[in-house]
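Report on the structure given below.
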Amino acid sequence: MKKIYLLLTLIFVCMLSIVCKPDTHTILPVPTDGTIIKMDSEDQPKSKVRQAWFDLMHSAGPEQNWKFIETQNAITQAKTKRALRSNYSQSSNDREGEIVANGRLEGIWRERGSNNQAGSMVAINYFMEEDMLFGRSAGGTLWKGDRTGFNWEVVNQDFNFKSDLVEMRYNDQGTIRYIAGLNGQAVYSDDGGNSWLASEIMETSASAQVFNFVEVINGMMLILHKGHSIKDVTTYYSKDNGTTWQKSTIFDTANRDNIKIARVGNTNDIIAIEQINTDLTILYKWNHVTNTFEIINDGSDIGFGNNTKANISAVFVDDHIRMYVRNHENKLFISDDNGLTWQYSSDLLSTPWSVGFFVSPSDHTKILYGDIELYRSIDEGSSWSKVSDWWEYYDNVQEKIHADIMDIKEFVDPEDKPFTIVCNHGGISQSYDYGKNLSNIGIYSLNISQYYSVATHPEQDEWIFAGSQDQGFQRGKIVGDEAVSLSQVISGDYGHIVFSGIDNHLWTVYPGGWVTYYTDPISLFSSKSYELES
């Protein structure tokens with residue numbers, strides 16, 4: 001029997017030596033200003049593998065769509081939240097908070113943090129009449145705030161809003177109307193974001209999508225829409241502040257990556273590009289009389305290949321529309337004749353993400369594009385420079401931009417000065433010189449960090465620890481009832497926080513299997529680490 005136990009022990013030790021090995025090849029970066037920078041933390045994610053994992057986790061019957069089920073669950077949950085808030089507001093003086101678990105528990109939820117580590121903001125717009133920014137975070141929450149960055153407020157966090165459709169307008173009563181994308185439809189709210197109404201004409205399904213929002217000076221809004229995964233991309237427009245949407249041009253493709261619409265600079269013109277094959281596109285221009293897209297070139301010799309999304313930017317130069325397109329070889333081309341001919345401009349320094357590239361409406365020589373980092377041209381794309389390296393952010397949070405660029409737009413403030421807003425995985429940056437200098441306006445009260453794991457210290461329960469999406473492993477001390485600031489110990493993504501031993505050691509994991517170990521999690525950096533071979 002002893003021989004059997006010895007053999008089993010030997011096998012177990014051998015398995016551990018195969019599965020877990022000391023982290024000899026990972027070099028811990030040097031701490032800067034209290035944050036360790038994990039230099040490989042911005043490697044591009046394996047998005048297709050991750051999506052397959054999501055699908056596997058949400059396995060359902062052959063006749064069921066898990067996304068539709070989750071949408072319905074979200075609607076039910078939002079109704080429950082509103083009912084709880086209503087009950088709370090009507091509760092008697094001797095009863096405080098929410099009652100759950102059939103009356104077994106009662107209490108008040110308080111947000112604890114973090115109020116200084118903004119996460120991913122993915123879409124933004126600006127309402128000059130109120131000097132107010134309005135946007136959507138990656139978690140689907142709608143936010144509003146001013147350009148100072150000190151006054152961010154939640155508009156709605158009950159629903160998971162999607163798409164780049166985020167807009168503020170005055171309604172017929174002269175009060176604020178919010179317009180956004182929800183459950184594959186364009187919706188609006190006239191009561192501060194509490195309840196939302198949708199246009200009945202817009203088809204919806206479990207796979208419905210609203211995307212590629214464009215607005216023009218005369219108040220018209222235009223979106224692309226897919227009512228079902230197999231349906232062709234359809235244009236909808238609204239001329240009554242989003243109360244109703246009218247169906248217009250239906251493109252000859254069900255692949256949203258083959259279509260892109262764009263406003264032409266500061267004009268009322270809207271153009272569209274549709275890929276027919278990898279080297280041929282159709283160009284359209286919006287007719288404001290017929291409210292349809294009309295073909296202006298049915299065979300432009302440029303394309304996006306099999307894996308590059310359709311993209312186009314445009315401005316009005318002299319007496320014509322100038323178009324800018326990036327092809328599948330990452331080369332920038334410019335056309336001054338509606339795509340009849342294209343002039344090569346330059347090779348981009350990297351591959352833009354879905355944010356694409358942005359040509360400034362106020363100065364077409366200034367162009368920005370983004371992937372992990374932000375890139376800038378001051379000579380209309382002839383040459384490019386990186387605005388800053390992603391890791392510089394940690395030494396200068398106020399003036400350097402965080403990694404992962406999600407949205408780029410230009411607006412005009414009440415003093416008629418153009419300014420640029422760049423959304424990223426660290427919130428929102430603002431520039432008044434076309435991206436040369438940036439200021440972070442998401443440092444305070446833009447509470448949109450996304451957390452994978454949260455833990456309280458077993459003995460000193462005023463200390464909390466959090467593993468976040470792209471805002472690193474965080475820790476902080478709770479003081480009072482308000483959300484507090486947390487410090488970012490190390491950059492990147494972390495989760496699965498676990499305490500062990502009588503000395504309260506802490507363990508956490510980076511995606512891919514990099515395990516870090518803290519002997520004193522309250523005050524020290526990681527003591528040891530190792531890599532899971534899996």
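Within each chain, counting starts at residue 1; across the structure tokens, chains are named A, B, ... in the order shown, with ligands numbered 1 upward in that order.
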Could you give me, as a tab-separated table, every segment 100-176 of chain A residue with an atom at most 12 Å from segment 480-494 of chain A, plus its closest atom pair and distance in Å to one decimal, counting only C-alpha atoms, rows ordered by chain then number?
```
residue	atom	partner	partner_atom	distance
A:Ile108	CA	A:Asp481	CA	10.9
A:Trp109	CA	A:Asp481	CA	10.3
A:Arg110	CA	A:Asp481	CA	7.1
A:Glu111	CA	A:Ala483	CA	5.4
A:Arg112	CA	A:Ala483	CA	4.0
A:Gly113	CA	A:Ala483	CA	4.4
A:Ser114	CA	A:Ser485	CA	5.2
A:Asn115	CA	A:Ser485	CA	5.4
A:Asn116	CA	A:Ser485	CA	5.4
A:Gln117	CA	A:Leu486	CA	7.2
A:Ala118	CA	A:Ser485	CA	10.7
A:Gly119	CA	A:Asp493	CA	11.5
```
Q.
With distances taken over only C-alpha atoms, which residue among A:Trp507, A:Trp53, A:Phe68, A:Trp152 lies nearest Phe465 of chain A?
A.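 Checking each of A:Trp507, A:Trp53, A:Phe68, A:Trp152 against Phe465 of chain A, counting only C-alpha atoms, the winner is A:Trp507.
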Q) Skipping near chain neighbours, those fewer than 2 positions away, what residues fall within 12 Å of Val264 of chain A using only C-alpha atoms, listed as a ChimeraX atom specification? A) /A:214-217,261-262,266-272,285-286,312-317,320-324,358-362,364
Q: Please give the complete set of residues from segment 80-156 of chain A that DSSP, run on the backbone, assigns to strand (DSSP E), formatted as a ChimeraX atom specification.
A: /A:98-100,105-107,121-127,132-137,142-145,153-156
Q) Just how far from atom CA of Leu84 of chain A is atom CA of Gly107 of chain A, in Å to one decimal? A)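 If I compute the distance from atom CA of Gly107 of chain A to atom CA of Leu84 of chain A, I get 11.6 Å.
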(Q) With DSSP run on the backbone, what are the helix (DSSP H, G or I) residues within segment 266-459 of chain A? I'd like them as a list in words. (A)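 The helix (DSSP H, G or I) subset of segment 266-459 of chain A is Trp390, Trp391, Glu392, Tyr393, Tyr394 and Asp395 of chain A.
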Using only C-alpha atoms, what table do you get, as CSV, when you list each residue of segment 425-515 of chain A with an atom no more than 10 Å from segment 370-394 of chain A, its nearest pair of atoms, and their distance in Å rounded to one decimal, rows by chain then rising number?
```
residue,atom,partner,partner_atom,distance
A:His425,CA,A:Ile372,CA,9.5
A:Gly426,CA,A:Tyr393,CA,9.3
A:Tyr434,CA,A:Arg376,CA,8.3
A:Gly435,CA,A:Arg376,CA,7.1
A:Lys436,CA,A:Val387,CA,6.8
A:Asn437,CA,A:Val387,CA,8.5
A:Leu438,CA,A:Val387,CA,9.4
A:Gln488,CA,A:Tyr394,CA,9.2
A:Ile490,CA,A:Tyr394,CA,9.8
A:Ser491,CA,A:Tyr394,CA,8.5
```
I need the chosen residues saved as a PDB file, in the first residue's frame, with all heavy atoms.
```
ATOM      1  N   HIS A 425      -9.615  52.922 -23.610  1.00  0.00           N
ATOM      2  CA  HIS A 425      -9.840  52.013 -22.487  1.00  0.00           C
ATOM      3  C   HIS A 425      -9.513  52.641 -21.140  1.00  0.00           C
ATOM      4  O   HIS A 425      -9.605  51.962 -20.113  1.00  0.00           O
ATOM      5  CB  HIS A 425      -9.037  50.732 -22.681  1.00  0.00           C
ATOM      6  CG  HIS A 425      -9.754  49.734 -23.530  1.00  0.00           C
ATOM      7  ND1 HIS A 425      -9.380  48.412 -23.614  1.00  0.00           N
ATOM      8  CD2 HIS A 425     -10.824  49.872 -24.347  1.00  0.00           C
ATOM      9  CE1 HIS A 425     -10.190  47.778 -24.436  1.00  0.00           C
ATOM     10  NE2 HIS A 425     -11.072  48.646 -24.897  1.00  0.00           N
ATOM     11  N   GLY A 426      -9.135  53.891 -21.145  1.00  0.00           N
ATOM     12  CA  GLY A 426      -8.924  54.626 -19.900  1.00  0.00           C
ATOM     13  C   GLY A 426      -9.843  55.817 -19.791  1.00  0.00           C
ATOM     14  O   GLY A 426      -9.555  56.767 -19.058  1.00  0.00           O
ATOM     15  N   TYR A 434      -5.711  69.140 -32.369  1.00  0.00           N
ATOM     16  CA  TYR A 434      -5.762  67.993 -33.275  1.00  0.00           C
ATOM     17  C   TYR A 434      -4.903  66.816 -32.793  1.00  0.00           C
ATOM     18  O   TYR A 434      -4.233  66.151 -33.576  1.00  0.00           O
ATOM     19  CB  TYR A 434      -5.356  68.414 -34.689  1.00  0.00           C
ATOM     20  CG  TYR A 434      -6.166  69.556 -35.241  1.00  0.00           C
ATOM     21  CD1 TYR A 434      -5.672  70.858 -35.229  1.00  0.00           C
ATOM     22  CD2 TYR A 434      -7.453  69.343 -35.736  1.00  0.00           C
ATOM     23  CE1 TYR A 434      -6.430  71.918 -35.712  1.00  0.00           C
ATOM     24  CE2 TYR A 434      -8.212  70.398 -36.231  1.00  0.00           C
ATOM     25  CZ  TYR A 434      -7.709  71.682 -36.209  1.00  0.00           C
ATOM     26  OH  TYR A 434      -8.463  72.736 -36.689  1.00  0.00           O
ATOM     27  N   GLY A 435      -4.931  66.579 -31.482  1.00  0.00           N
ATOM     28  CA  GLY A 435      -4.263  65.415 -30.929  1.00  0.00           C
ATOM     29  C   GLY A 435      -2.822  65.612 -30.518  1.00  0.00           C
ATOM     30  O   GLY A 435      -2.208  64.693 -29.968  1.00  0.00           O
ATOM     31  N   LYS A 436      -2.250  66.787 -30.750  1.00  0.00           N
ATOM     32  CA  LYS A 436      -0.860  67.020 -30.361  1.00  0.00           C
ATOM     33  C   LYS A 436      -0.726  66.975 -28.845  1.00  0.00           C
ATOM     34  O   LYS A 436       0.177  66.341 -28.290  1.00  0.00           O
ATOM     35  CB  LYS A 436      -0.372  68.359 -30.907  1.00  0.00           C
ATOM     36  CG  LYS A 436       1.071  68.669 -30.530  1.00  0.00           C
ATOM     37  CD  LYS A 436       1.506  70.027 -31.086  1.00  0.00           C
ATOM     38  CE  LYS A 436       2.956  70.336 -30.712  1.00  0.00           C
ATOM     39  NZ  LYS A 436       3.380  71.661 -31.219  1.00  0.00           N
ATOM     40  N   ASN A 437      -1.625  67.675 -28.162  1.00  0.00           N
ATOM     41  CA  ASN A 437      -1.666  67.672 -26.705  1.00  0.00           C
ATOM     42  C   ASN A 437      -3.046  67.200 -26.263  1.00  0.00           C
ATOM     43  O   ASN A 437      -4.064  67.610 -26.827  1.00  0.00           O
ATOM     44  CB  ASN A 437      -1.386  69.072 -26.147  1.00  0.00           C
ATOM     45  CG  ASN A 437       0.021  69.545 -26.446  1.00  0.00           C
ATOM     46  OD1 ASN A 437       0.985  69.074 -25.850  1.00  0.00           O
ATOM     47  ND2 ASN A 437       0.152  70.465 -27.399  1.00  0.00           N
ATOM     48  N   LEU A 438      -3.054  66.363 -25.232  1.00  0.00           N
ATOM     49  CA  LEU A 438      -4.297  65.772 -24.763  1.00  0.00           C
ATOM     50  C   LEU A 438      -4.474  66.004 -23.269  1.00  0.00           C
ATOM     51  O   LEU A 438      -3.497  66.094 -22.521  1.00  0.00           O
ATOM     52  CB  LEU A 438      -4.304  64.267 -25.034  1.00  0.00           C
ATOM     53  CG  LEU A 438      -4.299  63.839 -26.504  1.00  0.00           C
ATOM     54  CD1 LEU A 438      -3.740  62.436 -26.650  1.00  0.00           C
ATOM     55  CD2 LEU A 438      -5.710  63.894 -27.087  1.00  0.00           C
ATOM     56  N   GLN A 488      -3.658  51.588  -8.969  1.00  0.00           N
ATOM     57  CA  GLN A 488      -3.392  50.507  -9.904  1.00  0.00           C
ATOM     58  C   GLN A 488      -1.987  49.970  -9.630  1.00  0.00           C
ATOM     59  O   GLN A 488      -0.993  50.643  -9.886  1.00  0.00           O
ATOM     60  CB  GLN A 488      -3.528  51.006 -11.350  1.00  0.00           C
ATOM     61  CG  GLN A 488      -3.523  49.910 -12.372  1.00  0.00           C
ATOM     62  CD  GLN A 488      -3.833  50.397 -13.782  1.00  0.00           C
ATOM     63  OE1 GLN A 488      -3.516  49.709 -14.746  1.00  0.00           O
ATOM     64  NE2 GLN A 488      -4.445  51.546 -13.918  1.00  0.00           N
ATOM     65  N   ILE A 490      -0.508  47.141 -10.933  1.00  0.00           N
ATOM     66  CA  ILE A 490       0.147  46.703 -12.161  1.00  0.00           C
ATOM     67  C   ILE A 490      -0.855  46.800 -13.308  1.00  0.00           C
ATOM     68  O   ILE A 490      -2.051  46.587 -13.109  1.00  0.00           O
ATOM     69  CB  ILE A 490       0.686  45.262 -12.025  1.00  0.00           C
ATOM     70  CG1 ILE A 490       1.443  44.839 -13.292  1.00  0.00           C
ATOM     71  CG2 ILE A 490      -0.414  44.280 -11.684  1.00  0.00           C
ATOM     72  CD1 ILE A 490       2.187  43.510 -13.151  1.00  0.00           C
ATOM     73  N   SER A 491      -0.382  47.142 -14.484  1.00  0.00           N
ATOM     74  CA  SER A 491      -1.272  47.342 -15.627  1.00  0.00           C
ATOM     75  C   SER A 491      -1.756  46.010 -16.184  1.00  0.00           C
ATOM     76  O   SER A 491      -1.200  44.949 -15.902  1.00  0.00           O
ATOM     77  CB  SER A 491      -0.539  48.117 -16.724  1.00  0.00           C
ATOM     78  OG  SER A 491       0.537  47.338 -17.234  1.00  0.00           O
TER      79      SER A 491
END
```
Q: Can you work out which one of A:Asp395, A:Glu98, A:Glu329, A:Glu129 has the shortest atom-to-atom distance to Gly174 of chain A, counting only C-alpha atoms?
A: A:Glu129
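You will find atom CA of Gln209 of chain A at 28.4 Å from atom CA of His402 of chain A.
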Q) For Arg256 of chain A, which residue among A:Gln275, A:Thr141, A:Thr281, A:Thr175 is the nearest when counting only C-alpha atoms? A) A:Gln275
Q: Would you mind listing what lies within 12 Å of Val515 of chain A as a PyMOL selection string, with only C-alpha atoms counted and same-chain residues fewer than 2 positions away left out?
A: chain A and resi 20-23+26+493-498+506-513+517-518+526-533
Those residues you just picked out, can you put them in a file as a tab-separated table (two decimals), in the first residue's frame with N, CA, C and O atoms?
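Result saved to selection-v3.tsv:
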```
chain	number	residue	atom	x	y	z
A	20	CYS	N	2.60	23.46	-14.23
A	20	CYS	CA	3.01	24.74	-13.65
A	20	CYS	C	4.53	24.81	-13.64
A	20	CYS	O	5.19	23.90	-13.16
A	21	LYS	N	5.06	25.89	-14.17
A	21	LYS	CA	6.50	26.05	-14.10
A	21	LYS	C	6.82	27.45	-13.62
A	21	LYS	O	6.04	28.38	-13.81
A	22	PRO	N	7.95	27.63	-12.95
A	22	PRO	CA	8.31	28.96	-12.47
A	22	PRO	C	8.36	29.95	-13.62
A	22	PRO	O	8.73	29.60	-14.74
A	23	ASP	N	8.03	31.16	-13.33
A	23	ASP	CA	7.98	32.20	-14.36
A	23	ASP	C	9.38	32.74	-14.61
A	23	ASP	O	9.70	33.85	-14.22
A	26	THR	N	9.41	35.55	-17.73
A	26	THR	CA	8.70	36.81	-17.60
A	26	THR	C	9.50	37.77	-16.73
A	26	THR	O	9.80	37.45	-15.58
A	493	ASP	N	-4.88	43.09	-17.29
A	493	ASP	CA	-6.16	42.47	-16.95
A	493	ASP	C	-5.92	41.40	-15.87
A	493	ASP	O	-5.05	40.54	-16.05
A	494	TYR	N	-6.75	41.43	-14.81
A	494	TYR	CA	-6.53	40.48	-13.72
A	494	TYR	C	-7.86	40.00	-13.15
A	494	TYR	O	-8.87	40.70	-13.19
A	495	GLY	N	-7.82	38.78	-12.60
A	495	GLY	CA	-9.03	38.23	-12.01
A	495	GLY	C	-8.71	37.13	-11.01
A	495	GLY	O	-7.55	36.89	-10.67
A	496	HIS	N	-9.77	36.46	-10.53
A	496	HIS	CA	-9.62	35.29	-9.65
A	496	HIS	C	-8.77	35.60	-8.42
A	496	HIS	O	-7.80	34.91	-8.12
A	497	ILE	N	-9.12	36.67	-7.70
A	497	ILE	CA	-8.36	37.05	-6.50
A	497	ILE	C	-8.70	36.10	-5.36
A	497	ILE	O	-9.87	35.91	-5.02
A	498	VAL	N	-7.66	35.51	-4.77
A	498	VAL	CA	-7.84	34.54	-3.70
A	498	VAL	C	-6.82	34.82	-2.60
A	498	VAL	O	-5.66	35.09	-2.88
A	506	LEU	N	-2.01	36.90	-1.07
A	506	LEU	CA	-2.98	37.11	-2.14
A	506	LEU	C	-2.44	36.55	-3.46
A	506	LEU	O	-1.26	36.71	-3.77
A	507	TRP	N	-3.35	35.94	-4.22
A	507	TRP	CA	-3.02	35.39	-5.54
A	507	TRP	C	-3.99	36.00	-6.57
A	507	TRP	O	-5.16	36.20	-6.29
A	508	THR	N	-3.48	36.27	-7.75
A	508	THR	CA	-4.35	36.71	-8.84
A	508	THR	C	-3.77	36.25	-10.17
A	508	THR	O	-2.59	35.92	-10.25
A	509	VAL	N	-4.60	36.20	-11.20
A	509	VAL	CA	-4.22	35.60	-12.48
A	509	VAL	C	-4.45	36.57	-13.63
A	509	VAL	O	-5.48	37.25	-13.68
A	510	TYR	N	-3.49	36.62	-14.54
A	510	TYR	CA	-3.60	37.36	-15.79
A	510	TYR	C	-4.05	36.38	-16.87
A	510	TYR	O	-3.61	35.23	-16.88
A	511	PRO	N	-4.95	36.78	-17.80
A	511	PRO	CA	-5.41	35.87	-18.85
A	511	PRO	C	-4.25	35.20	-19.57
A	511	PRO	O	-3.29	35.85	-19.97
A	512	GLY	N	-4.36	33.90	-19.75
A	512	GLY	CA	-3.29	33.14	-20.35
A	512	GLY	C	-2.56	32.30	-19.33
A	512	GLY	O	-1.81	31.38	-19.68
A	513	GLY	N	-2.75	32.61	-18.02
A	513	GLY	CA	-2.19	31.75	-17.00
A	513	GLY	C	-1.00	32.29	-16.23
A	513	GLY	O	-0.27	31.53	-15.60
A	517	TYR	N	1.75	36.45	-6.98
A	517	TYR	CA	1.59	36.12	-5.57
A	517	TYR	C	2.11	37.28	-4.72
A	517	TYR	O	3.22	37.77	-4.95
A	518	TYR	N	1.30	37.73	-3.76
A	518	TYR	CA	1.64	38.87	-2.91
A	518	TYR	C	1.70	38.42	-1.45
A	518	TYR	O	0.69	37.98	-0.89
A	526	SER	N	4.16	42.36	-6.20
A	526	SER	CA	4.18	40.92	-6.27
A	526	SER	C	5.54	40.36	-5.82
A	526	SER	O	6.60	40.91	-6.16
A	527	SER	N	5.48	39.26	-5.05
A	527	SER	CA	6.70	38.64	-4.55
A	527	SER	C	7.20	37.56	-5.51
A	527	SER	O	8.40	37.41	-5.73
A	528	LYS	N	6.29	36.76	-6.03
A	528	LYS	CA	6.64	35.67	-6.93
A	528	LYS	C	5.60	35.58	-8.04
A	528	LYS	O	4.48	36.08	-7.91
A	529	SER	N	5.97	34.88	-9.12
A	529	SER	CA	5.00	34.63	-10.18
A	529	SER	C	5.40	33.38	-10.93
A	529	SER	O	6.55	32.95	-10.87
A	530	TYR	N	4.46	32.77	-11.61
A	530	TYR	CA	4.75	31.62	-12.47
A	530	TYR	C	3.70	31.54	-13.56
A	530	TYR	O	2.65	32.18	-13.49
A	531	GLU	N	4.01	30.76	-14.58
A	531	GLU	CA	3.16	30.64	-15.76
A	531	GLU	C	2.52	29.26	-15.82
A	531	GLU	O	3.20	28.25	-15.64
A	532	LEU	N	1.23	29.21	-16.08
A	532	LEU	CA	0.54	27.94	-16.30
A	532	LEU	C	0.72	27.52	-17.75
A	532	LEU	O	0.39	28.28	-18.66
A	533	GLU	N	1.25	26.34	-17.95
A	533	GLU	CA	1.39	25.79	-19.30
A	533	GLU	C	0.12	25.05	-19.64
A	533	GLU	O	-0.12	23.94	-19.18
```
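Comparing A:Thr243, A:Gln51, A:Asn307, A:Thr278 by their smallest distance to Ala198 of chain A, the closest is A:Thr243 (using only C-alpha atoms).
Look at Glu294 of chain A: the protein and nucleic acid residues within 12 Å of it, using only C-alpha atoms and passing over chain neighbours fewer than 4 places away, are A:Ser248, A:Thr249, A:Ile250, A:Phe251, A:Ile270, A:Ile271, A:Ala272, A:Ile273, A:Ile282, A:Leu283, A:Tyr284, A:Lys285, A:Trp286, A:Asn287, A:His288, A:Val289, A:Thr290, A:Asp298.
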Write out as a JSON list (two decimals) with all heavy atoms, in the first residue's frame which residues come within 8 Å of Glu106 of chain A when counting only C-alpha atoms, dropping same-chain ones fewer than 3 positions away.
```json
[["chain", "number", "residue", "atom", "x", "y", "z"],
["A", 96, "GLU", "N", -35.37, 50.78, 5.89],
["A", 96, "GLU", "CA", -34.44, 51.43, 4.97],
["A", 96, "GLU", "C", -33.83, 50.40, 4.03],
["A", 96, "GLU", "O", -33.36, 49.36, 4.47],
["A", 96, "GLU", "CB", -33.33, 52.13, 5.76],
["A", 96, "GLU", "CG", -32.40, 52.95, 4.89],
["A", 96, "GLU", "CD", -31.37, 53.69, 5.73],
["A", 96, "GLU", "OE1", -30.99, 53.15, 6.79],
["A", 96, "GLU", "OE2", -30.95, 54.77, 5.32],
["A", 97, "GLY", "N", -33.84, 50.69, 2.74],
["A", 97, "GLY", "CA", -33.14, 49.85, 1.78],
["A", 97, "GLY", "C", -34.01, 48.85, 1.08],
["A", 97, "GLY", "O", -35.23, 48.89, 1.14],
["A", 98, "GLU", "N", -33.34, 47.93, 0.38],
["A", 98, "GLU", "CA", -34.03, 46.91, -0.40],
["A", 98, "GLU", "C", -34.24, 45.65, 0.44],
["A", 98, "GLU", "O", -33.39, 45.27, 1.24],
["A", 98, "GLU", "CB", -33.19, 46.56, -1.64],
["A", 98, "GLU", "CG", -32.99, 47.73, -2.59],
["A", 98, "GLU", "CD", -32.13, 47.34, -3.77],
["A", 98, "GLU", "OE1", -31.71, 46.18, -3.83],
["A", 98, "GLU", "OE2", -31.87, 48.20, -4.64],
["A", 99, "ILE", "N", -35.39, 45.02, 0.24],
["A", 99, "ILE", "CA", -35.67, 43.74, 0.88],
["A", 99, "ILE", "C", -35.58, 42.66, -0.18],
["A", 99, "ILE", "O", -36.26, 42.72, -1.21],
["A", 99, "ILE", "CB", -37.05, 43.73, 1.54],
["A", 99, "ILE", "CG1", -37.10, 44.77, 2.67],
["A", 99, "ILE", "CG2", -37.38, 42.35, 2.09],
["A", 99, "ILE", "CD1", -38.45, 44.86, 3.34],
["A", 100, "VAL", "N", -34.73, 41.66, 0.05],
["A", 100, "VAL", "CA", -34.53, 40.58, -0.90],
["A", 100, "VAL", "C", -34.62, 39.25, -0.18],
["A", 100, "VAL", "O", -34.73, 39.19, 1.05],
["A", 100, "VAL", "CB", -33.16, 40.72, -1.63],
["A", 100, "VAL", "CG1", -33.12, 41.99, -2.45],
["A", 100, "VAL", "CG2", -32.03, 40.71, -0.62],
["A", 103, "GLY", "N", -37.57, 38.55, 2.16],
["A", 103, "GLY", "CA", -37.58, 39.25, 3.44],
["A", 103, "GLY", "C", -36.47, 38.86, 4.39],
["A", 103, "GLY", "O", -36.37, 39.41, 5.49]]
```
Q. Could you work out how far atom CA of Gly149 of chain A lies from atom CA of Tyr444 of chain A, giving the answer in Å with one decimal?
A. 6.7 Å
Q.
Need the shell around segment 414-420 of chain A: protein/DNA/RNA residues with any atom at most 7 Å away, counting only C-alpha atoms. Skip same-chain ones fewer than 6 positions apart. Format as a PyMOL selection string?
A. chain A and resi 128+430-432+434
Q | Given only C-alpha atoms as the counted atoms, nearest of A:Thr148, A:Asn171, A:Gly501, A:Gly476 to Ser523 of chain A | A | A:Gly476
